[in-house]
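Colleague: What follows is the file structure01.cif, containing mmCIF, C-alpha atoms, pLDDT in the B column; chains and numbers go by the auth columns:
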data_protein
loop_
_atom_site.group_PDB
_atom_site.id
_atom_site.type_symbol
_atom_site.label_atom_id
_atom_site.label_comp_id
_atom_site.label_asym_id
_atom_site.label_seq_id
_atom_site.Cartn_x
_atom_site.Cartn_y
_atom_site.Cartn_z
_atom_site.B_iso_or_equiv
_atom_site.auth_seq_id
_atom_site.auth_asym_id
ATOM 1 C CA MET A 1 118.940 137.856 149.694 32.00 23 A
ATOM 2 C CA VAL A 2 122.358 137.358 148.073 32.00 24 A
ATOM 3 C CA ARG A 3 124.874 135.924 150.536 37.00 25 A
ATOM 4 C CA GLU A 4 127.794 138.298 150.971 36.00 26 A
ATOM 5 C CA LEU A 5 131.333 137.035 151.047 35.00 27 A
ATOM 6 C CA ALA A 6 133.793 138.161 153.670 39.00 28 A
ATOM 7 C CA PRO A 7 135.936 141.088 152.365 41.00 29 A
ATOM 8 C CA ALA A 8 139.138 139.070 151.957 40.00 30 A
ATOM 9 C CA GLN A 9 137.313 136.119 150.440 42.00 31 A
ATOM 10 C CA ASP A 10 135.346 138.402 148.133 45.00 32 A
ATOM 11 C CA GLU A 11 138.497 140.225 147.011 49.00 33 A
ATOM 12 C CA GLY A 12 140.240 136.938 146.294 49.00 34 A
ATOM 13 C CA PHE A 13 137.291 135.569 144.350 47.00 35 A
ATOM 14 C CA ARG A 14 137.045 138.709 142.197 65.00 36 A
ATOM 15 C CA GLY A 15 140.797 138.643 141.591 67.00 37 A
ATOM 16 C CA GLU A 16 140.685 135.039 140.407 79.00 38 A
ATOM 17 C CA ALA A 17 137.715 135.759 138.139 79.00 39 A
ATOM 18 C CA LYS A 18 139.524 138.763 136.640 82.00 40 A
ATOM 19 C CA ALA A 19 142.631 136.645 135.964 85.00 41 A
ATOM 20 C CA ARG A 20 140.588 133.861 134.333 90.00 42 A
ATOM 21 C CA ASP A 21 138.768 136.366 132.137 90.00 43 A
ATOM 22 C CA ALA A 22 142.020 138.052 131.130 89.00 44 A
ATOM 23 C CA ALA A 23 143.462 134.696 130.101 91.00 45 A
ATOM 24 C CA LEU A 24 140.389 133.947 127.969 91.00 46 A
ATOM 25 C CA VAL A 25 140.572 137.368 126.336 91.00 47 A
ATOM 26 C CA GLN A 26 144.213 136.784 125.453 91.00 48 A
ATOM 27 C CA ARG A 27 143.377 133.376 123.981 92.00 49 A
ATOM 28 C CA ALA A 28 140.556 134.902 121.938 90.00 50 A
ATOM 29 C CA LEU A 29 142.898 137.583 120.587 89.00 51 A
ATOM 30 C CA GLU A 30 145.331 134.853 119.598 89.00 52 A
ATOM 31 C CA GLY A 31 142.657 133.174 117.497 87.00 53 A
ATOM 32 C CA ASP A 32 141.159 130.640 119.905 87.00 54 A
ATOM 33 C CA THR A 33 137.516 130.681 118.817 81.00 55 A
ATOM 34 C CA THR A 34 136.323 128.767 121.882 91.00 56 A
ATOM 35 C CA ALA A 35 137.730 131.301 124.362 91.00 57 A
ATOM 36 C CA PHE A 36 135.154 133.990 123.636 92.00 58 A
ATOM 37 C CA ASP A 37 132.423 131.337 123.736 93.00 59 A
ATOM 38 C CA LEU A 38 133.488 130.593 127.315 93.00 60 A
ATOM 39 C CA LEU A 39 133.255 134.296 128.186 94.00 61 A
ATOM 40 C CA PHE A 40 129.818 134.408 126.605 94.00 62 A
ATOM 41 C CA TYR A 41 128.554 131.427 128.603 93.00 63 A
ATOM 42 C CA ARG A 42 130.007 132.881 131.796 93.00 64 A
ATOM 43 C CA TYR A 43 128.331 136.279 131.431 95.00 65 A
ATOM 44 C CA GLN A 44 125.248 135.780 129.262 94.00 66 A
ATOM 45 C CA ASP A 45 122.814 135.528 132.182 95.00 67 A
ATOM 46 C CA ARG A 46 124.266 138.513 134.020 95.00 68 A
ATOM 47 C CA VAL A 47 124.259 140.680 130.901 96.00 69 A
ATOM 48 C CA TYR A 48 120.679 139.677 130.148 95.00 70 A
ATOM 49 C CA THR A 49 119.597 140.503 133.717 94.00 71 A
ATOM 50 C CA LEU A 50 121.303 143.893 133.476 95.00 72 A
ATOM 51 C CA CYS A 51 119.614 144.673 130.158 93.00 73 A
ATOM 52 C CA LEU A 52 116.258 143.484 131.478 92.00 74 A
ATOM 53 C CA GLY A 53 116.537 145.785 134.466 91.00 75 A
ATOM 54 C CA LEU A 54 117.261 148.746 132.206 91.00 76 A
ATOM 55 C CA LEU A 55 114.767 147.961 129.449 88.00 77 A
ATOM 56 C CA ASP A 56 111.961 146.154 131.314 81.00 78 A
ATOM 57 C CA ASP A 57 111.101 144.102 128.244 83.00 79 A
ATOM 58 C CA PRO A 58 112.348 140.507 127.887 89.00 80 A
ATOM 59 C CA GLU A 59 112.511 140.556 124.098 88.00 81 A
ATOM 60 C CA ASP A 60 114.379 143.867 124.000 88.00 82 A
ATOM 61 C CA ALA A 61 116.669 142.631 126.778 91.00 83 A
ATOM 62 C CA ARG A 62 117.533 139.479 124.818 92.00 84 A
ATOM 63 C CA ASP A 63 118.279 141.543 121.712 90.00 85 A
ATOM 64 C CA ALA A 64 120.341 144.051 123.682 93.00 86 A
ATOM 65 C CA ALA A 65 122.301 141.270 125.403 94.00 87 A
ATOM 66 C CA GLN A 66 123.049 139.631 122.075 93.00 88 A
ATOM 67 C CA GLU A 67 124.124 142.966 120.594 92.00 89 A
ATOM 68 C CA THR A 68 126.318 143.587 123.649 94.00 90 A
ATOM 69 C CA PHE A 69 128.332 140.455 122.955 94.00 91 A
ATOM 70 C CA VAL A 70 128.577 141.325 119.251 92.00 92 A
ATOM 71 C CA HIS A 71 130.018 144.731 120.188 93.00 93 A
ATOM 72 C CA ALA A 72 132.339 143.110 122.736 93.00 94 A
ATOM 73 C CA TYR A 73 133.632 140.569 120.223 91.00 95 A
ATOM 74 C CA ARG A 74 134.231 143.210 117.567 89.00 96 A
ATOM 75 C CA GLY A 75 135.875 145.563 120.043 90.00 97 A
ATOM 76 C CA LEU A 76 137.922 142.983 121.918 90.00 98 A
ATOM 77 C CA ARG A 77 141.214 144.350 120.641 88.00 99 A
ATOM 78 C CA GLY A 78 140.296 147.657 122.268 86.00 100 A
ATOM 79 C CA PHE A 79 140.109 146.002 125.692 86.00 101 A
ATOM 80 C CA ARG A 80 143.311 147.022 127.476 80.00 102 A
ATOM 81 C CA GLY A 81 142.792 145.155 130.729 77.00 103 A
ATOM 82 C CA ARG A 82 142.988 148.258 132.926 80.00 104 A
ATOM 83 C CA ALA A 83 139.535 147.322 134.263 84.00 105 A
ATOM 84 C CA ALA A 84 138.077 143.866 134.722 89.00 106 A
ATOM 85 C CA PHE A 85 136.567 142.284 131.630 93.00 107 A
ATOM 86 C CA ALA A 86 133.192 142.165 133.448 92.00 108 A
ATOM 87 C CA THR A 87 133.337 145.918 134.075 93.00 109 A
ATOM 88 C CA TRP A 88 134.142 146.594 130.424 93.00 110 A
ATOM 89 C CA LEU A 89 131.359 144.253 129.296 95.00 111 A
ATOM 90 C CA TYR A 90 128.784 145.829 131.639 95.00 112 A
ATOM 91 C CA ARG A 91 129.682 149.264 130.304 94.00 113 A
ATOM 92 C CA ILE A 92 128.944 148.037 126.770 95.00 114 A
ATOM 93 C CA ALA A 93 125.666 146.530 128.018 95.00 115 A
ATOM 94 C CA VAL A 94 124.574 149.804 129.638 95.00 116 A
ATOM 95 C CA ASN A 95 125.333 151.770 126.460 93.00 117 A
ATOM 96 C CA THR A 96 123.584 149.176 124.296 93.00 118 A
ATOM 97 C CA ALA A 97 120.508 149.170 126.531 91.00 119 A
ATOM 98 C CA HIS A 98 120.310 152.955 126.372 88.00 120 A
ATOM 99 C CA SER A 99 120.436 152.754 122.576 85.00 121 A
ATOM 100 C CA PHE A 100 117.585 150.245 122.602 83.00 122 A
ATOM 101 C CA ALA A 101 115.582 152.440 124.964 79.00 123 A
ATOM 102 C CA ARG A 102 115.937 155.410 122.637 74.00 124 A
ATOM 103 C CA ARG A 103 114.843 153.318 119.660 67.00 125 A
ATOM 104 C CA GLN A 104 111.891 151.835 121.516 63.00 126 A
ATOM 105 C CA ARG A 105 110.701 154.997 123.294 59.00 127 A
ATOM 106 C CA ARG A 106 108.043 155.824 120.710 44.00 128 A
ATOM 107 C CA GLU A 107 106.663 152.300 120.946 47.00 129 A
ATOM 108 C CA ALA A 108 106.805 152.014 124.734 45.00 130 A
ATOM 109 C CA ARG A 109 103.876 150.102 126.154 39.00 131 A
ATOM 110 C CA VAL A 110 102.083 151.080 129.340 34.00 132 A
ATOM 111 C CA ARG A 111 101.320 148.014 131.420 37.00 133 A
ATOM 112 C CA GLU A 112 98.774 147.949 134.229 40.00 134 A
ATOM 113 C CA THR A 113 99.947 146.728 137.579 35.00 135 A
ATOM 114 C CA MET A 114 98.369 143.472 138.639 35.00 136 A
ATOM 115 C CA LYS A 115 95.647 143.817 141.272 39.00 137 A
ATOM 116 C CA MET A 116 95.473 140.863 143.585 38.00 138 A
ATOM 117 C CA SER A 117 96.108 139.896 147.176 39.00 139 A
ATOM 118 C CA ALA A 118 97.730 136.828 148.611 41.00 140 A
ATOM 119 C CA GLY A 119 96.469 134.245 151.086 44.00 141 A
ATOM 120 C CA ASP A 120 98.195 131.162 152.481 47.00 142 A
ATOM 121 C CA ASN A 121 97.973 129.300 149.180 49.00 143 A
ATOM 122 C CA PRO A 122 101.475 128.705 147.680 53.00 144 A
ATOM 123 C CA VAL A 123 100.188 129.682 144.239 48.00 145 A
ATOM 124 C CA GLU A 124 98.855 132.956 145.608 50.00 146 A
ATOM 125 C CA ALA A 125 102.131 133.540 147.443 54.00 147 A
ATOM 126 C CA HIS A 126 103.983 133.094 144.161 49.00 148 A
ATOM 127 C CA LEU A 127 101.624 135.532 142.457 49.00 149 A
ATOM 128 C CA THR A 128 102.265 138.025 145.240 56.00 150 A
ATOM 129 C CA HIS A 129 105.996 137.732 144.574 57.00 151 A
ATOM 130 C CA LEU A 130 105.327 138.393 140.906 59.00 152 A
ATOM 131 C CA LEU A 131 103.199 141.400 141.831 64.00 153 A
ATOM 132 C CA ARG A 132 105.949 142.883 143.946 75.00 154 A
ATOM 133 C CA ARG A 133 108.452 142.335 141.141 78.00 155 A
ATOM 134 C CA GLU A 134 106.039 143.964 138.693 82.00 156 A
ATOM 135 C CA ARG A 135 105.656 146.944 141.002 83.00 157 A
ATOM 136 C CA ILE A 136 109.416 147.332 141.335 85.00 158 A
ATOM 137 C CA GLN A 137 109.743 147.251 137.553 85.00 159 A
ATOM 138 C CA ALA A 138 106.918 149.802 137.238 85.00 160 A
ATOM 139 C CA VAL A 139 108.748 152.195 139.569 87.00 161 A
ATOM 140 C CA LEU A 140 112.104 151.640 137.844 87.00 162 A
ATOM 141 C CA ARG A 141 110.391 152.379 134.533 87.00 163 A
ATOM 142 C CA ASP A 142 109.332 155.803 135.853 87.00 164 A
ATOM 143 C CA LEU A 143 112.757 156.811 137.171 89.00 165 A
ATOM 144 C CA PRO A 144 115.277 158.841 135.150 90.00 166 A
ATOM 145 C CA PRO A 145 117.865 156.645 133.379 88.00 167 A
ATOM 146 C CA ALA A 146 120.666 157.823 135.696 89.00 168 A
ATOM 147 C CA HIS A 147 118.738 156.600 138.739 90.00 169 A
ATOM 148 C CA ARG A 148 117.558 153.409 137.087 89.00 170 A
ATOM 149 C CA GLU A 149 120.983 152.275 135.907 90.00 171 A
ATOM 150 C CA VAL A 150 122.713 152.740 139.271 91.00 172 A
ATOM 151 C CA LEU A 151 119.951 150.816 141.089 89.00 173 A
ATOM 152 C CA VAL A 152 120.056 147.986 138.557 89.00 174 A
ATOM 153 C CA LEU A 153 123.840 147.709 138.744 90.00 175 A
ATOM 154 C CA LYS A 154 123.736 147.709 142.556 87.00 176 A
ATOM 155 C CA TYR A 155 120.764 145.438 143.241 84.00 177 A
ATOM 156 C CA TYR A 156 120.486 143.300 140.099 83.00 178 A
ATOM 157 C CA GLN A 157 124.194 142.829 139.469 85.00 179 A
ATOM 158 C CA ASP A 158 125.420 143.149 143.090 82.00 180 A
ATOM 159 C CA LEU A 159 128.301 145.434 142.096 88.00 181 A
ATOM 160 C CA SER A 160 130.224 147.529 144.591 88.00 182 A
ATOM 161 C CA CYS A 161 130.201 151.316 144.336 89.00 183 A
ATOM 162 C CA GLU A 162 133.753 151.172 142.985 90.00 184 A
ATOM 163 C CA GLU A 163 132.730 148.708 140.281 90.00 185 A
ATOM 164 C CA ILE A 164 129.652 150.757 139.385 91.00 186 A
ATOM 165 C CA GLY A 165 131.895 153.808 139.036 90.00 187 A
ATOM 166 C CA ALA A 166 134.105 151.883 136.619 91.00 188 A
ATOM 167 C CA VAL A 167 131.090 150.804 134.564 92.00 189 A
ATOM 168 C CA LEU A 168 129.599 154.291 134.431 90.00 190 A
ATOM 169 C CA GLY A 169 132.892 156.147 134.092 90.00 191 A
ATOM 170 C CA THR A 170 132.546 158.169 137.294 89.00 192 A
ATOM 171 C CA SER A 171 134.042 158.288 140.785 90.00 193 A
ATOM 172 C CA MET A 172 133.048 156.060 143.681 90.00 194 A
ATOM 173 C CA ASN A 173 131.884 159.104 145.664 90.00 195 A
ATOM 174 C CA ALA A 174 129.718 160.239 142.765 91.00 196 A
ATOM 175 C CA VAL A 175 128.182 156.755 142.632 91.00 197 A
ATOM 176 C CA LYS A 176 127.391 156.908 146.363 91.00 198 A
ATOM 177 C CA VAL A 177 125.642 160.250 145.919 91.00 199 A
ATOM 178 C CA ARG A 178 123.730 159.038 142.865 91.00 200 A
ATOM 179 C CA LEU A 179 122.767 155.811 144.623 90.00 201 A
ATOM 180 C CA HIS A 180 121.469 157.719 147.660 91.00 202 A
ATOM 181 C CA ARG A 181 119.365 160.003 145.465 91.00 203 A
ATOM 182 C CA ALA A 182 118.151 157.073 143.386 90.00 204 A
ATOM 183 C CA ARG A 183 117.000 155.204 146.503 90.00 205 A
ATOM 184 C CA GLN A 184 115.106 158.268 147.696 90.00 206 A
ATOM 185 C CA ALA A 185 113.503 158.761 144.289 89.00 207 A
ATOM 186 C CA PHE A 186 112.546 155.087 144.147 89.00 208 A
ATOM 187 C CA TYR A 187 110.973 155.169 147.613 87.00 209 A
ATOM 188 C CA ARG A 188 108.991 158.345 146.879 88.00 210 A
ATOM 189 C CA ARG A 189 107.663 156.993 143.599 86.00 211 A
ATOM 190 C CA TYR A 190 106.828 153.604 145.128 85.00 212 A
ATOM 191 C CA GLN A 191 104.826 155.297 147.872 85.00 213 A
ATOM 192 C CA GLU A 192 103.029 157.462 145.328 83.00 214 A
ATOM 193 C CA LEU A 193 102.001 154.451 143.277 81.00 215 A
ATOM 194 C CA PHE A 194 101.520 151.689 145.818 78.00 216 A
ATOM 195 C CA GLY A 195 101.914 153.052 149.354 68.00 217 A
ATOM 196 C CA ASP A 196 98.437 152.177 150.603 52.00 218 A
ATOM 197 C CA GLU A 197 98.062 148.976 148.619 52.00 219 A
ATOM 198 C CA ASP A 198 101.429 147.539 149.663 52.00 220 A
ATOM 199 C CA GLU A 199 100.274 147.073 153.270 46.00 221 A
ATOM 200 C CA ASP A 200 98.420 143.926 152.222 43.00 222 A
ATOM 201 C CA LEU A 201 101.447 142.295 150.569 41.00 223 A
#
Please re-express this file's structure in structure tokens.

Modeller:
Amino acid sequence: MVRELAPAQDEGFRGEAKARDAALVQRALEGDTTAFDLLFYRYQDRVYTLCLGLLDDPEDARDAAQETFVHAYRGLRGFRGRAAFATWLYRIAVNTAHSFARRQRREARVRETMKMSAGDNPVEAHLTHLLRRERIQAVLRDLPPAHREVLVLKYYQDLSCEEIGAVLGTSMNAVKVRLHRARQAFYRRYQELFGDEDEDL
């Protein structure tokens, strides 16, 4: 479980990160070629994780993440700083992942869920963790894109509802409603696929 910061501490941390990012963006716009590299290194893992959650394919996620940064670099002069750089970048990543999903839809592969149970052996415990992760990905794969993206942004990227709204271009209240419906849809589909089997995990 991700450790949560206290509200004041969390707000201060996010404010400092936003200021550092804004300074790097300004340096990049002024011709400092290393500034965007620093932004890339800071966000590459998070962008990849976001793309992986939306695409469920490591190779596609790597390509989408790389394309996200290409789009961000080319469109940097269009970044006005009204939102945090991370929010702007995540919005590009979501749009890029959706483009990849449309291109890959005809070639989508159906993967069978692993069938195994765990004992006390550490190796088996690790395999059980992988099985649970595979099941979560299988359920996410079956959800509509609107449900999938809000769950990924919330639970993979640990964004607040306000931040998710900024990424998706909608209100915080709309995000809360979508998140509630997405959770319900996820739970129903998980029970349909794995309800009886999950008791052993």

Colleague: Hey, can you check how far atom CA of Arg163 of chain A sits from atom CA of Arg205 of chain A?

Modeller: 14.0 Å

Colleague: Excluding Asp43 of chain A and any residue of its chain fewer than 6 positions from it, enumerate the residues within 12 Å of it, using only C-alpha atoms, and give them as a list in words.

Modeller: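 My reading of the contact set: Arg36, Gly37, Arg49, Ala50, Ala57, Phe58, Asp59, Leu60, Leu61, Phe62, Tyr63, Arg64, Tyr65, Phe101, Gly103, Ala105, Ala106, Phe107, Ala108, Thr109, Trp110 and Leu111 of chain A.
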
Colleague: Hey, can you spit out that residue selection with C-alpha atoms as an mmCIF file, in the coordinates of the input?

Modeller:
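Produced file out.cif, reproduced below:
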data_model
loop_
_atom_site.group_PDB
_atom_site.id
_atom_site.type_symbol
_atom_site.label_atom_id
_atom_site.label_comp_id
_atom_site.auth_asym_id
_atom_site.auth_seq_id
_atom_site.Cartn_x
_atom_site.Cartn_y
_atom_site.Cartn_z
ATOM 1 C CA ARG A 36 137.045 138.709 142.197
ATOM 2 C CA GLY A 37 140.797 138.643 141.591
ATOM 3 C CA ARG A 49 143.377 133.376 123.981
ATOM 4 C CA ALA A 50 140.556 134.902 121.938
ATOM 5 C CA ALA A 57 137.730 131.301 124.362
ATOM 6 C CA PHE A 58 135.154 133.990 123.636
ATOM 7 C CA ASP A 59 132.423 131.337 123.736
ATOM 8 C CA LEU A 60 133.488 130.593 127.315
ATOM 9 C CA LEU A 61 133.255 134.296 128.186
ATOM 10 C CA PHE A 62 129.818 134.408 126.605
ATOM 11 C CA TYR A 63 128.554 131.427 128.603
ATOM 12 C CA ARG A 64 130.007 132.881 131.796
ATOM 13 C CA TYR A 65 128.331 136.279 131.431
ATOM 14 C CA PHE A 101 140.109 146.002 125.692
ATOM 15 C CA GLY A 103 142.792 145.155 130.729
ATOM 16 C CA ALA A 105 139.535 147.322 134.263
ATOM 17 C CA ALA A 106 138.077 143.866 134.722
ATOM 18 C CA PHE A 107 136.567 142.284 131.630
ATOM 19 C CA ALA A 108 133.192 142.165 133.448
ATOM 20 C CA THR A 109 133.337 145.918 134.075
ATOM 21 C CA TRP A 110 134.142 146.594 130.424
ATOM 22 C CA LEU A 111 131.359 144.253 129.296
#

Colleague: List, as a compact mmCIF listing (two decimals) with C-alpha atoms, keeping the file's coordinate frame, every residue that the PyMOL selection byres ((chain A and resi 172-183) around 9) selects in the file provided.

Modeller:
# COMPACT_ATOMS: atom_id res chain seq x y z
CA VAL A 24 122.36 137.36 148.07
CA ARG A 68 124.27 138.51 134.02
CA VAL A 69 124.26 140.68 130.90
CA THR A 71 119.60 140.50 133.72
CA LEU A 72 121.30 143.89 133.48
CA GLY A 75 116.54 145.78 134.47
CA LEU A 76 117.26 148.75 132.21
CA TYR A 112 128.78 145.83 131.64
CA LEU A 162 112.10 151.64 137.84
CA PRO A 167 117.86 156.65 133.38
CA ALA A 168 120.67 157.82 135.70
CA HIS A 169 118.74 156.60 138.74
CA ARG A 170 117.56 153.41 137.09
CA GLU A 171 120.98 152.28 135.91
CA GLU A 184 133.75 151.17 142.99
CA GLU A 185 132.73 148.71 140.28
CA ILE A 186 129.65 150.76 139.38
CA GLY A 187 131.90 153.81 139.04
CA ALA A 188 134.10 151.88 136.62
CA VAL A 189 131.09 150.80 134.56
CA LEU A 190 129.60 154.29 134.43
CA SER A 193 134.04 158.29 140.78
CA MET A 194 133.05 156.06 143.68
CA ASN A 195 131.88 159.10 145.66
CA VAL A 197 128.18 156.76 142.63
CA LYS A 198 127.39 156.91 146.36
CA ARG A 200 123.73 159.04 142.86
CA LEU A 201 122.77 155.81 144.62
CA ALA A 204 118.15 157.07 143.39
CA ARG A 205 117.00 155.20 146.50

Colleague: Counting all atoms listed in the file, which residue out of A:Gln213, A:Thr56, A:Glu81, A:Arg113 sits closest to His93 of chain A?

Modeller: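 Ranking A:Gln213, A:Thr56, A:Glu81, A:Arg113 by distance to His93 of chain A, first place goes to A:Arg113.
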
Colleague: Mind telling me what the PyMOL selection byres ((chain A and resi 82) around 12) catches here, as a ChimeraX atom specification?

Modeller: /A:70-81,83-90,118-127,129-130

Colleague: If you keep C-alpha atoms, can you produce a file of those selected residues as a compact mmCIF listing (two decimals), keeping the file's coordinate frame?

Modeller:
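The resulting file, out07.txt, is shown below:
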# COMPACT_ATOMS: atom_id res chain seq x y z
CA TYR A 70 120.68 139.68 130.15
CA THR A 71 119.60 140.50 133.72
CA LEU A 72 121.30 143.89 133.48
CA CYS A 73 119.61 144.67 130.16
CA LEU A 74 116.26 143.48 131.48
CA GLY A 75 116.54 145.78 134.47
CA LEU A 76 117.26 148.75 132.21
CA LEU A 77 114.77 147.96 129.45
CA ASP A 78 111.96 146.15 131.31
CA ASP A 79 111.10 144.10 128.24
CA PRO A 80 112.35 140.51 127.89
CA GLU A 81 112.51 140.56 124.10
CA ALA A 83 116.67 142.63 126.78
CA ARG A 84 117.53 139.48 124.82
CA ASP A 85 118.28 141.54 121.71
CA ALA A 86 120.34 144.05 123.68
CA ALA A 87 122.30 141.27 125.40
CA GLN A 88 123.05 139.63 122.08
CA GLU A 89 124.12 142.97 120.59
CA THR A 90 126.32 143.59 123.65
CA THR A 118 123.58 149.18 124.30
CA ALA A 119 120.51 149.17 126.53
CA HIS A 120 120.31 152.96 126.37
CA SER A 121 120.44 152.75 122.58
CA PHE A 122 117.58 150.24 122.60
CA ALA A 123 115.58 152.44 124.96
CA ARG A 124 115.94 155.41 122.64
CA ARG A 125 114.84 153.32 119.66
CA GLN A 126 111.89 151.84 121.52
CA ARG A 127 110.70 155.00 123.29
CA GLU A 129 106.66 152.30 120.95
CA ALA A 130 106.80 152.01 124.73

Colleague: Using atom CA of Gly97 of chain A and atom CA of Ala41 of chain A as the two end points, give the distance in Å to one decimal.

Modeller: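 Interatomic distance, atom CA of Gly97 of chain A to atom CA of Ala41 of chain A: 19.5 Å.
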
Colleague: Quick one: axis-aligned box around all listed atoms of segment 52-62 of chain A, 4 Å on every side, centre and edge lengths in Å to one decimal, written as JSON.

Modeller:
{"center_x": 137.6, "center_y": 131.8, "center_z": 122.8, "size_x": 23.5, "size_y": 14.1, "size_z": 18.7}

Colleague: For atom CA of Arg211 of chain A and atom CA of Thr192 of chain A, determine how far apart the two atoms are, in Å to one decimal place.

Modeller: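 Separating atom CA of Arg211 of chain A from atom CA of Thr192 of chain A is a distance of 25.7 Å.
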
Colleague: For a quick check of understanding, using all atoms listed in the file, which of A:Leu215, A:Gln48, A:Phe208, A:Gly191 has the smallest distance to Arg102 of chain A?

Modeller: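 Distance minimum relative to Arg102 of chain A lands on A:Gln48.
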
Colleague: With all atoms listed in the file as the atoms that count, which of A:Ala115, A:Ala207, A:Ala39, A:Val47 lies nearest to Phe91 of chain A?

Modeller: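 Smallest distance to Phe91 of chain A is found for A:Ala115.
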